[in-house]
Amino acid sequence: MRLVIKIGTSTLAYPTGHPNIRHIEKFCKVVSDIKNAGYEVLLVSSGAVAMGRGKAGADGNADDITMKQALAAIGQCELMYTYDKYFGEYNHTVAQILLTAANFNDFTQLRNLTATMERLIALDVLPIINENDSTATQELSIGDNDTLAARVAKSVRADLLILLTDIDGLFTADPRKDPTAVLLRQVDEITPEIEALAGGAGTAGGTGGMITKLEAAKIATAAGCDMVIANGRDPDILYDILEGKPTGTTFKAH
């Protein structure tokens, strides 16, 4: 079974921008165990800009595009160093892949990208994928890692896409504001009514929100890949998902 797991900024870093070491360490342990069980895993990881802020001591509110690109360059080094350290402790090798929209929109680039990812999987290496925020312009930007993860899942014909976020799944209303909101366990079709349940952007450190996750679900399910939105505060939730326990919101492939 081939998995694409996307982990968001809010589950990797504190609001200070410094890495949440306890969480990252456990996440790497669980993913390593899943790989040991025979699953093929690709990881799409956010967090570069946030970690760059923490590393450089930059203003957390800086919104200048060149500043964000500089922080992404700094933070990506920190991110990969951290992953290399903790996955290495469980004898797993990681590889970095940085992408822009052009890698998916051009047939030759997409073919080469897919071949590289397939070879890394064959070598039992864990590809860690992020958008190339340091060089991506508005025209080349994918925009968010939910969409990136879905496009990766489509290109490698993944069986399951897991989006780990800071919310339990798709609710009938915003659970942060409405205590009567109900978690939807399964979505068979993304209708206009389902789309209307999506709110705005997520946390301040991220770029997504439920809207981008629904767009990711459209891409993944149309490609024959199931998708799950789940809360990533405890990485053990990955075991529950793979064991078929009711967890988060599942979007069924069609």
# chains A, B, ... in the order shown; residues from 1 in each chain; ligands from 1
$ closest_atom_pairs --of "segment 31-67 of chain A" --to "segment 116-136 of chain A" --cutoff "9 Å" --atoms "only C-alpha atoms" --output "CSV"
residue,atom,partner,partner_atom,distance
A:Lys35,CA,A:Asp124,CA,8.6
A:Glu40,CA,A:Ile121,CA,6.8
A:Val41,CA,A:Leu126,CA,6.5
A:Leu42,CA,A:Pro127,CA,5.3
A:Leu43,CA,A:Ile128,CA,4.8
A:Val44,CA,A:Ile129,CA,4.6
A:Ser45,CA,A:Asn130,CA,5.7
A:Ser46,CA,A:Asn130,CA,6.4
A:Ala48,CA,A:Asn130,CA,8.5
A:Val49,CA,A:Asp133,CA,8.3
A:Thr66,CA,A:Ser134,CA,8.2
$ write_last_selection --atoms "N, CA and C atoms" --output "PDB file, in the first residue's frame"
ATOM      1  N   LYS A  35       6.746   2.265   7.811  1.00  0.00           N
ATOM      2  CA  LYS A  35       7.603   1.799   6.719  1.00  0.00           C
ATOM      3  C   LYS A  35       8.136   0.397   7.001  1.00  0.00           C
ATOM      4  N   GLU A  40       4.702   1.771   1.617  1.00  0.00           N
ATOM      5  CA  GLU A  40       5.511   2.733   0.877  1.00  0.00           C
ATOM      6  C   GLU A  40       5.006   4.127   1.236  1.00  0.00           C
ATOM      7  N   VAL A  41       5.917   4.995   1.706  1.00  0.00           N
ATOM      8  CA  VAL A  41       5.504   6.287   2.249  1.00  0.00           C
ATOM      9  C   VAL A  41       6.235   7.417   1.534  1.00  0.00           C
ATOM     10  N   LEU A  42       5.474   8.449   1.172  1.00  0.00           N
ATOM     11  CA  LEU A  42       6.043   9.723   0.731  1.00  0.00           C
ATOM     12  C   LEU A  42       5.507  10.785   1.683  1.00  0.00           C
ATOM     13  N   LEU A  43       6.378  11.690   2.108  1.00  0.00           N
ATOM     14  CA  LEU A  43       6.009  12.710   3.087  1.00  0.00           C
ATOM     15  C   LEU A  43       6.042  14.084   2.441  1.00  0.00           C
ATOM     16  N   VAL A  44       4.924  14.799   2.529  1.00  0.00           N
ATOM     17  CA  VAL A  44       4.870  16.199   2.102  1.00  0.00           C
ATOM     18  C   VAL A  44       4.859  17.038   3.376  1.00  0.00           C
ATOM     19  N   SER A  45       5.887  17.849   3.555  1.00  0.00           N
ATOM     20  CA  SER A  45       6.061  18.553   4.819  1.00  0.00           C
ATOM     21  C   SER A  45       6.083  20.063   4.641  1.00  0.00           C
ATOM     22  N   SER A  46       5.217  20.736   5.391  1.00  0.00           N
ATOM     23  CA  SER A  46       5.273  22.193   5.500  1.00  0.00           C
ATOM     24  C   SER A  46       6.291  22.553   6.586  1.00  0.00           C
ATOM     25  N   ALA A  48       8.833  25.126   6.523  1.00  0.00           N
ATOM     26  CA  ALA A  48      10.114  25.770   6.239  1.00  0.00           C
ATOM     27  C   ALA A  48      10.116  27.253   6.613  1.00  0.00           C
ATOM     28  N   VAL A  49       9.078  27.989   6.218  1.00  0.00           N
ATOM     29  CA  VAL A  49       9.046  29.427   6.495  1.00  0.00           C
ATOM     30  C   VAL A  49       8.971  29.667   8.002  1.00  0.00           C
ATOM     31  N   THR A  66      10.091  38.545  -0.629  1.00  0.00           N
ATOM     32  CA  THR A  66      11.498  38.162  -0.617  1.00  0.00           C
ATOM     33  C   THR A  66      11.938  37.720   0.773  1.00  0.00           C
TER      34      THR A  66
END
$ select_by_dssp --residues "segment 61-187 of chain A" --states "helix (DSSP H, G or I)" --output "PyMOL selection string"
chain A and resi 65-88+102-105+107-122+145-155
$ residues_around --residues "segment 104-115 of chain A" --least-positions-apart "4" --cutoff "10 Å" --atoms "only C-alpha atoms" --output "PyMOL selection string"
chain A and resi 97+99-100+119-121+140+142+148+151-152+155-157
$ atom_distance --atom1 "atom CA of Gly88 of chain A" --atom2 "atom CA of Ile167 of chain A"
29.2 Å
$ select_by_dssp --residues "segment 93-137 of chain A" --states "strand (DSSP E)" --output "list in words"
Val94, Ala95, Gln96, Ile97, Leu98, Leu99, Leu126, Pro127, Ile128, Ile129, Asn130 and Glu131 of chain A
$ write_last_selection --atoms "C-alpha atoms" --output "compact mmCIF listing (two decimals), in the first residue's frame"
# COMPACT_ATOMS: atom_id res chain seq x y z
CA VAL A 94 15.49 10.60 3.62
CA ALA A 95 15.66 12.54 0.36
CA GLN A 96 14.62 16.12 -0.31
CA ILE A 97 12.42 17.06 -3.29
CA LEU A 98 11.47 20.73 -3.83
CA LEU A 99 8.83 21.42 -6.45
CA LEU A 126 11.67 8.30 2.25
CA PRO A 127 11.05 11.24 -0.12
CA ILE A 128 10.34 14.45 1.82
CA ILE A 129 8.60 16.91 -0.47
CA ASN A 130 7.90 20.62 -0.16
CA GLU A 131 7.17 23.50 -2.47
$ residues_around --residues "segment 240-249 of chain A" --least-positions-apart "2" --cutoff "10 Å" --atoms "only C-alpha atoms" --output "ChimeraX atom specification"
/A:1,3,34,39,160,162-164,167-171,183-187,227-231,235-238,251-252
